[in-house]
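Trainee: Okay, handing you the structure first.
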Protein chains: 6
Amino acid sequence: MKIKIINPNTTQSMTDKIGAAARQVAAASTQIVAVSPQHGPASIEGHYDEALSVVGLLDEIRAGEADGVDAYVIACFGDPGLLAARELATGPVIGIAEAAMHAASVLATGFSVVTTLARSCIIAEHLTRNYGMDKFCRGIHSTDLAVLDLEKPDSDAYRIVLESCRHALAADRSGAIVIGCAGMTVLCEQLQDALGVPVIDGVTAAVKWAEGMVAIGLKTSKHGDLVYPIPKPFAGELARFTQTENR
Amino acid sequence: MKIKIINPNTTQSMTDKIGAAARQVAAASTQIVAVSPQHGPASIEGHYDEALSVVGLLDEIRAGEADGVDAYVIACFGDPGLLAARELATGPVIGIAEAAMHAASVLATGFSVVTTLARSCIIAEHLTRNYGMDKFCRGIHSTDLAVLDLEKPDSDAYRIVLESCRHALAADRSGAIVIGCAGMTVLCEQLQDALGVPVIDGVTAAVKWAEGMVAIGLKTSKHGDLVYPIPKPFAGELARFTQTENR
Amino acid sequence: MKIKIINPNTTQSMTDKIGAAARQVAAASTQIVAVSPQHGPASIEGHYDEALSVVGLLDEIRAGEADGVDAYVIACFGDPGLLAARELATGPVIGIAEAAMHAASVLATGFSVVTTLARSCIIAEHLTRNYGMDKFCRGIHSTDLAVLDLEKPDSDAYRIVLESCRHALAADRSGAIVIGCAGMTVLCEQLQDALGVPVIDGVTAAVKWAEGMVAIGLKTSKHGDLVYPIPKPFAGELARFTQTENR
Amino acid sequence: MKIKIINPNTTQSMTDKIGAAARQVAAASTQIVAVSPQHGPASIEGHYDEALSVVGLLDEIRAGEADGVDAYVIACFGDPGLLAARELATGPVIGIAEAAMHAASVLATGFSVVTTLARSCIIAEHLTRNYGMDKFCRGIHSTDLAVLDLEKPDSDAYRIVLESCRHALAADRSGAIVIGCAGMTVLCEQLQDALGVPVIDGVTAAVKWAEGMVAIGLKTSKHGDLVYPIPKPFAGELARFTQTENR
Amino acid sequence: MKIKIINPNTTQSMTDKIGAAARQVAAASTQIVAVSPQHGPASIEGHYDEALSVVGLLDEIRAGEADGVDAYVIACFGDPGLLAARELATGPVIGIAEAAMHAASVLATGFSVVTTLARSCIIAEHLTRNYGMDKFCRGIHSTDLAVLDLEKPDSDAYRIVLESCRHALAADRSGAIVIGCAGMTVLCEQLQDALGVPVIDGVTAAVKWAEGMVAIGLKTSKHGDLVYPIPKPFAGELARFTQTENR
Amino acid sequence: MKIKIINPNTTQSMTDKIGAAARQVAAASTQIVAVSPQHGPASIEGHYDEALSVVGLLDEIRAGEADGVDAYVIACFGDPGLLAARELATGPVIGIAEAAMHAASVLATGFSVVTTLARSCIIAEHLTRNYGMDKFCRGIHSTDLAVLDLEKPDSDAYRIVLESCRHALAADRSGAIVIGCAGMTVLCEQLQDALGVPVIDGVTAAVKWAEGMVAIGLKTSKHGDLVYPIPKPFAGELARFTQTENR
């Protein structure tokens with residue numbers, strides 16, 4: 001089975017770590033392909049970055065379809081372009097926020113999200129509503145860390161995130177932490193050990209959920225709302241997105 | 001005052017009609033600029049089209065900021081890129097679905113949406129939730145008309161839309177119709193006369209609401225969630241979206 | 001176009017200021033009529049005051065209908081009698097809380113309300129739900145100012161309201177302030193300058209929204225829930241409200 | 001114990017029947033006082049009627065407070081003036097829609113409302129939301145009967161209501177019927193026998209719930225939102241509503 | 001009329017006090033039967049205790065049906081087995097959390113729950129949602145008292161609960177307190193006197209509500225979702241629950 | 001890894017089929033243990049059956065804890081005893097309704113549930129709310145098949161379920177089917193082939209989701225609401241459930 005993980009930002013070091021984390025948990029028979037798009041922002045912090053990251057994301061889904069990919073993971077906590085990707089894809093497409101929140105809702109009666117900059121909190125809040133997870137999410141906490149700070153070896157990221165998790169658990173009376181950035185994947189295990197509660201990283205949660213769906217023969221519905229895009233001309237630089245025939 | 005209306009698809013004939021409708025209702029002192037982007041889909045029917053239309057939309061917002069635009073209207077019923085546009089813009093940014101639904105909620109206790117293809121209904125449904133308008137929207141009805149069918153002089157669009165409105169009013173016990181496509185703007189007056197209920201077109205509703213906000217000095221909040229995008233590199237074809245300094 | 005603003009309390013000094021604020025923003029071609037009813041409370045602070053203010057409000061709507069009014073604004077933040085007024089009126093009827101909250105939801109992802117006495121907060125809270133604005137309203141804050149304190153030149157109202165706005169923005173992580181009393185209209189511009197966020201006054205927001213709706217030919221729906229009242233006898237002092245024929 | 005039932009319309013024949021129904025179920029030690037106000041509409045069908053009925057209703061609450069009433073029932077299915085009445089009253093104030101819906105939610109997992117004119121359905125719908133009963137209410141059905149039709153001996157009311165109940169139970173998969181008009185109280189027992197499901201009349205449900213609350217010493221909260229109205233002048237015909245001192 | 005109160009835990013001293021409180025408020029003609037089951041936990045603190053208490057509860061409902069009971073009260077604040085009990089019972093079945101919350105929503109615009117251990121808060125929170133009472137419940141507060149601490153004469157329970165109520169009223173801006181444990185019934189009157197707000201005990205509230213429903217001829221709906229259980233074999237120790245014929 | 005699947009009814013033939021379905025999709029390294037409890041109903045059709053099935057379910061969880069089970073699946077579409085089981089278990093506990101609904105929400109924008117008897121629909125409806133899946137579930141359809149009818153070789157179950165699925169997809173405009181009974185697991189593949197949409201069986205969905213969670217080190221939160229049950233005496237036949245020490 002082939003699972004393609006798309007980090008929608010262009011920072012390759014983050015993509016490498018995401019890929020490594022995924023390979024560590026994937027089944028032996030699963031091939032993990034982790035990529036960053038050619039076009040797009042170096043990190044995703046706000047609606048503008050997110051909206052523009054979708055071009056590169058869809059490039060990678062298109063390529064994946066040609067390449068026989070069985071399922072996709074969108075590895076940015078805002079789950080950018082999720083429904084657009086589902087229109088294009090045959091197999092399941094799972095966002096890491098989605099995977100983490102759904103898992104958290106099964107492991108605890110309420111969870112807290114710990115994320116990067118304050119401006120990203122609103123994106124997470126909207127996702128909790130879109131996914132029906134607002135009943136379970138008791139708080140969304142920013143650490144004031146920029147996404148790329150997490151890539152810096154000398155950043156104090158672990159300590160700052162740990163402290164924010166501790167605060168969140170107490171303030172929200174939560175039973176689990178959802179880690180709100182793909183760049184924090186590497187911190188997850190250490191945090192879980194330190195905190196003694198489930199600390200859920202969306203990358204690994206999404207990979208395993210996707211693997212499971214593929215294993216039981218589930219694909220994205222092509223009946224109704226998520227049918228393949230209608231063929232029509234795309235102008236200018238986006239001409240490559242023209243679908244020429246009904247799939 | 002300068003209001004820029006961005007039709008996020010590339011069909012100029014539709015943009016021309018949108019611009020004309022806007023000019024007809026705008027105040028004498030308001031300059032209406034109606035544009036289509038250079039890059040993007042010929043029509044927007046689904047999440048894929050919508051997601052990709054945002055690139056061209058943001059190009060036009062960027063240009064508008066340089067050009068002293070006071071407010072923007074996004075003239076596609078899915079309101080694509082609304083929050084991304086708000087990050088980039090100084091003045092108000094209003095989507096036509098948003099403007100129409102909010103107005104409808106003030107004129108009737110419940111409204112129905114009549115739109116194009118069935119696959120677009122889910123986009124409208126999600127918007128009703130995002131805007132808090134799900135309490136007022138009693139039904140979303142497709143006419144099975146493609147967006148570009150509305151541009152064909154010999155299409156039976158008026159009759160089909162009229163029939164769908166009649167059905168919607170009865171089935172939903174609604175008091176008003178929200179017209180679910182910028183391409184239907186031209187039908188609006190005739191429909192209202194025939195139906196005897198408010199028939200709300202988002203283009204004109206958005207233009208007047210935007211005019212009003214500018215008149216009383218209101219702009220997009222730059223405190224908190226919608227602050228200007230953070231400067232960071234954009235790679236590849238999207239390099240022009242790099243913000244180089246904090247606004 | 002004629003817009004009638006009804007301040008449902010009987011304090012003429014407040015009505016005068018409301019009228020002045022409205023005239024300042026209205027189009028040159030718009031005639032603003034600002035009135036207080038003959039019967040009713042000197043200020044509206046609670047459900048009892050509000051319920052009783054509706055008699056005078058409906059007197060003024062009745063008079064307005066005879067007088068060719070195109071649209072009405074109800075200038076009390078509880079929007080008393082809104083749906084009753086809509087049954088009676090032909091043109092749009094907009095409440096100032098409604099206008100301010102809807103505008104705020106377009107300018108920021110979340111707003112805070114700053115109002116007068118603590119007992120008025122529950123009224124605002126109920127309105128946020130009625131209008132679908134509870135998703136956007138992050139907090140409702142009382143200043144412990146009585147409505148008529150705002151009319152006293154030597155009250156410390158501006159400073160108290162400013163402080164409450166500052167607290168609200170921080171505590172709620174909001175991007176905009178909705179001013180929760182028609183008596184605060186005059187403070188609005190100064191507050192916006194001091195705070196650097198949109199500070200939305202419902203009087204001006206409602207006047208411009210109403211103007212816009214009239215300009216594009218929208219009226220209150222007379223199909224279904226908001227049809228004119230059914231003719232029937234009213235007894236006693238309310239006999240003047242008897243409708244004698246079907247409109 | 002003294003329970004005052006206020007039929008907010010001025011049709012004495014309906015008040016008499018309401019009083020009789022209440023006396024039939026009240027405890028021997030309970031004194032039932034059933035009144036219509038002096039001022040107001042002959043029947044309540046829409047928001048306009050409802051809003052104006054509140055004046056007479058509050059007159060009767062005022063009188064009741066002077067008269068040592070222990071609890072009040074508002075006997076119109078729209079529960080007009082409920083929160084205003086609670087501000088004025090010391091004991092519990094219960095609306096008949098409220099009492100019937102709460103009881104229905106305990107006797108079945110879902111109920112249907114059967115009411116009079118179609119224009120009243122929106123009032124019932126709003127109440128279900130206000131009371132948190134929208135999770136239980138599966139449908140609101142109009143019979144197209146005017147309220148005063150129910151007072152006419154030769155109306156076909158029973159048969160029409162029965163048929164509407166049958167339809168409602170099947171269409172909504174409901175387990176109970178809530179009778180949506182105080183004028184239907186007299187039909188209730190016969191309907192319940194014919195239908196074999198709980199048919200809940202708000203008048204009797206409210207009387208018994210009120211009796212129970214008084215028996216265990218519960219009164220309307222005078223802490224916070226529902227404290228007595230603030231003393232202030234009322235002008236014109238409403239001068240009698242002036243509260244002169246803090247209670 | 002016979003009302004059976006089932007304390008689903010096996011602590012007889014608590015059952016005795018519950019019965020006494022019920023008898024104090026019941027009508028002279030009402031026979032109160034208060035029991036604890038033979039099988040089950042000594043106290044109910046969490047989902048595990050609650051789930052297992054349902055066996056004994058249903059034993060008592062079965063016995064009650066044979067015994068001509070008119071209505072049942074489930075005297076544990078988690079309302080365990082409520083819908084299962086309703087399937088089995090002919091008359092109304094009311095949970096004490098349900099009765100208290102519904103009453104509170106009529107006496108105040110918002111209430112706070114004060115309960116025992118922190119782990120019980122989630123059960124109360126879920127109930128507020130199930131009953132549609134989440135709009136009224138502004139906070140759920142634990143006292144860190146174990147249920148059986150309330151039975152100890154030398155526990156400091158009254159003072160601790162009082163303090164928690166005081167905190168809740170201020171923090172939540174609530175107008176009433178709902179007492180979140182049947183073991184606190186005895187404290188209720190004293191708390192209400194001390195706090196000056198309605199303090200609602202579910203046991204007495206449920207008894208009076210049940211009495212009222214029986215008095216007006218209301219029973220659990222046997223149409224649709226709550227029909228009697230389908231006859232089928234139960235194995236092992238639960239064989240006694242086998243229903244052998246359709247009721 | 002050891003996953004224990006508990007069919008909470010006592011019908012061994014159904015348990016065998018559930019176990020077989022699970023083994024077919026489980027990883028080679030996963031040991032599937034599928035059991036029915038000793039005590040309880042032959043099938044679960046309603047709240048009474050469901051409540052009583054929890055005793056046997058918890059027996060099996062207790063045994064599982066002693067036996068080193070890594071995760072549990074509750075194989076009845078009502079997910080009985082889910083939170084009680086989570087208190088007792090160390091590893092994840094997943095209900096089949098929960099697993100199927102969450103997966104469906106990722107594969108389609110809306111799904112329909114097709115289940116057995118009409119009386120079971122309310123249980124599914126409540127679950128959609130508890131899980132936040134009510135935004136995705138567009139309809140719940142009964143087939144009027146008893147659970148044990150599904151075990152009869154000559155029942156027409158496949159054809160009846162297929163027809164109900166077809167109706168549901170059209171009536172609800174859904175993109176996926178959630179199969180609403182563990183007894184229908186065997187029909188799933190054939191249904192998916194016939195319908196051309198995802199047909200999601202909770203047994204296989206839950207097994208794979210559980211496998212995934214165990215693989216990435218996630219367990220049930222033991223911080224806060226789901227901590228192990230508090231030691232306390234259980235009386236009578238339930239004495240075996242006494243926890244004697246804090247885990």
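In the structure tokens, the first chain shown is A, the next is B, and so on; residue numbers restart at 1 for each chain, and ligands run from 1 in the order shown.
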Name the residues of region 12-113 of chain F that come out as strand (DSSP E or B) in a backbone DSSP run; write them as a list in words.

Mentor: Gln31, Ile32, Val33, Ala34, Val35, Gly40, Pro41, Ala71, Tyr72, Val73, Ile74, Val93, Ile94, Gly95, Phe111, Ser112 and Val113 of chain F

Trainee: Would you export the selected residues with N, CA and C atoms as an mmCIF file, in the first residue's frame, please?

Mentor:
```cif
data_model
loop_
_atom_site.group_PDB
_atom_site.id
_atom_site.type_symbol
_atom_site.label_atom_id
_atom_site.label_comp_id
_atom_site.auth_asym_id
_atom_site.auth_seq_id
_atom_site.Cartn_x
_atom_site.Cartn_y
_atom_site.Cartn_z
ATOM 1 N N GLN F 31 -3.713 -10.473 17.441
ATOM 2 C CA GLN F 31 -4.547 -11.575 17.891
ATOM 3 C C GLN F 31 -5.947 -11.047 18.185
ATOM 4 N N ILE F 32 -6.931 -11.608 17.518
ATOM 5 C CA ILE F 32 -8.325 -11.180 17.717
ATOM 6 C C ILE F 32 -9.013 -12.163 18.656
ATOM 7 N N VAL F 33 -9.564 -11.669 19.750
ATOM 8 C CA VAL F 33 -10.371 -12.498 20.646
ATOM 9 C C VAL F 33 -11.794 -11.970 20.569
ATOM 10 N N ALA F 34 -12.715 -12.807 20.127
ATOM 11 C CA ALA F 34 -14.101 -12.356 20.011
ATOM 12 C C ALA F 34 -14.981 -13.150 20.960
ATOM 13 N N VAL F 35 -15.684 -12.442 21.828
ATOM 14 C CA VAL F 35 -16.468 -13.142 22.854
ATOM 15 C C VAL F 35 -17.868 -12.561 22.983
ATOM 16 N N GLY F 40 -26.785 -11.893 29.935
ATOM 17 C CA GLY F 40 -27.323 -10.803 29.116
ATOM 18 C C GLY F 40 -28.296 -11.243 28.054
ATOM 19 N N PRO F 41 -28.745 -10.315 27.258
ATOM 20 C CA PRO F 41 -29.812 -10.552 26.284
ATOM 21 C C PRO F 41 -29.292 -11.231 25.015
ATOM 22 N N ALA F 71 -6.476 -3.502 23.344
ATOM 23 C CA ALA F 71 -7.565 -2.614 22.953
ATOM 24 C C ALA F 71 -8.838 -3.429 22.843
ATOM 25 N N TYR F 72 -9.973 -2.729 23.001
ATOM 26 C CA TYR F 72 -11.274 -3.397 22.980
ATOM 27 C C TYR F 72 -12.157 -2.792 21.901
ATOM 28 N N VAL F 73 -12.990 -3.647 21.342
ATOM 29 C CA VAL F 73 -14.031 -3.168 20.434
ATOM 30 C C VAL F 73 -15.379 -3.625 20.988
ATOM 31 N N ILE F 74 -16.306 -2.705 21.112
ATOM 32 C CA ILE F 74 -17.664 -3.053 21.552
ATOM 33 C C ILE F 74 -18.514 -3.223 20.299
ATOM 34 N N VAL F 93 -10.744 1.830 23.921
ATOM 35 C CA VAL F 93 -12.005 1.101 23.777
ATOM 36 C C VAL F 93 -12.798 1.833 22.693
ATOM 37 N N ILE F 94 -13.184 1.115 21.661
ATOM 38 C CA ILE F 94 -13.856 1.754 20.540
ATOM 39 C C ILE F 94 -15.185 1.063 20.273
ATOM 40 N N GLY F 95 -16.224 1.850 20.124
ATOM 41 C CA GLY F 95 -17.514 1.302 19.755
ATOM 42 C C GLY F 95 -17.628 1.208 18.243
ATOM 43 N N PHE F 111 -23.425 11.084 5.549
ATOM 44 C CA PHE F 111 -23.691 9.643 5.440
ATOM 45 C C PHE F 111 -25.088 9.321 5.957
ATOM 46 N N SER F 112 -25.554 8.140 5.604
ATOM 47 C CA SER F 112 -26.819 7.622 6.123
ATOM 48 C C SER F 112 -26.548 6.356 6.919
ATOM 49 N N VAL F 113 -27.332 6.157 7.971
ATOM 50 C CA VAL F 113 -27.252 4.916 8.737
ATOM 51 C C VAL F 113 -28.427 4.028 8.335
#
```

Trainee: Counting only C-alpha atoms, what is within 9 Å of Leu52 (chain E), bar same-chain residues fewer than 5 positions away, as a ChimeraX atom specification?

Mentor: /E:39-41,47 /F:51-52,54-55,58,84,238,241

Trainee: Write the residues of the selection above to a file with C-alpha atoms, as a short mmCIF file (atom, residue, chain, number, x, y, z; two decimals), in the first residue's frame.

Mentor:
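Written file, result23.cif:
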```cif
data_model
loop_
_atom_site.label_atom_id
_atom_site.label_comp_id
_atom_site.auth_asym_id
_atom_site.auth_seq_id
_atom_site.Cartn_x
_atom_site.Cartn_y
_atom_site.Cartn_z
CA HIS E 39 -27.36 -5.47 43.84
CA GLY E 40 -24.99 -2.69 43.06
CA PRO E 41 -22.46 -0.14 44.25
CA HIS E 47 -19.59 5.75 34.59
CA ALA F 51 -28.47 -1.27 29.66
CA LEU F 52 -28.52 -4.86 30.84
CA VAL F 54 -23.38 -3.74 30.06
CA VAL F 55 -22.96 -6.12 32.99
CA LEU F 58 -17.85 -5.15 31.90
CA ALA F 84 -17.85 2.66 31.75
CA LEU F 238 -22.55 -7.65 41.43
CA PHE F 241 -17.30 -5.81 40.38
#
```

Trainee: Restrict the calculation to only C-alpha atoms, then for each residue of chain B with any atom at most 12 Å from an atom of chain F give the closest atom pair and their distance in Å to one decimal, rows by chain and rising residue number, as a tab-separated table.

Mentor:
```
residue	atom	partner	partner_atom	distance
B:His47	CA	F:Thr109	CA	11.8
B:Ala118	CA	F:Arg173	CA	9.4
B:Arg119	CA	F:Arg173	CA	10.2
B:Cys121	CA	F:Arg173	CA	10.3
B:Ile122	CA	F:Thr109	CA	7.7
B:Ile123	CA	F:Thr109	CA	10.2
B:Glu125	CA	F:Thr109	CA	10.6
B:His126	CA	F:Thr109	CA	10.0
B:Arg129	CA	F:Lys135	CA	10.0
B:Asp134	CA	F:Lys135	CA	11.5
B:Ile140	CA	F:Arg173	CA	11.9
B:His141	CA	F:Arg173	CA	11.8
B:Ser142	CA	F:Arg173	CA	11.8
```

Trainee: Write out, as a PDB file, in the first residue's frame, the residues just selected, with C-alpha atoms.

Mentor:
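The resulting file, selection.pdb, is shown below:
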```pdb
ATOM      1  CA  HIS B  47     -14.165  22.534  -3.871  1.00  0.00           C
ATOM      2  CA  ALA B 118     -26.173  19.715  -6.868  1.00  0.00           C
ATOM      3  CA  ARG B 119     -22.486  19.452  -6.004  1.00  0.00           C
ATOM      4  CA  CYS B 121     -25.128  22.649  -2.370  1.00  0.00           C
ATOM      5  CA  ILE B 122     -22.650  21.307   0.153  1.00  0.00           C
ATOM      6  CA  ILE B 123     -20.553  24.452  -0.187  1.00  0.00           C
ATOM      7  CA  GLU B 125     -24.524  24.378   3.450  1.00  0.00           C
ATOM      8  CA  HIS B 126     -21.099  24.755   5.016  1.00  0.00           C
ATOM      9  CA  ARG B 129     -22.924  27.096   9.360  1.00  0.00           C
ATOM     10  CA  ASP B 134     -28.099  27.727   9.480  1.00  0.00           C
ATOM     11  CA  ILE B 140     -30.670  24.620  -0.432  1.00  0.00           C
ATOM     12  CA  HIS B 141     -31.932  23.682  -3.861  1.00  0.00           C
ATOM     13  CA  SER B 142     -30.026  22.824  -7.002  1.00  0.00           C
TER      14      SER B 142
END
```

Trainee: Taking 4 positions as the minimum chain separation for residues in the same chain, which residues sit within 10 Å of Ala194 (chain F) when counting only C-alpha atoms? Answer as an MDAnalysis selection string.

Mentor: chainID F and resid 162 166 188:190 199

Trainee: Go ahead and compute the interatomic distance for CA of Asn9 (chain C) and CA of Phe234 (chain D), in Å to one decimal.

Mentor: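 Here the two named atoms are 9.1 Å from each other.
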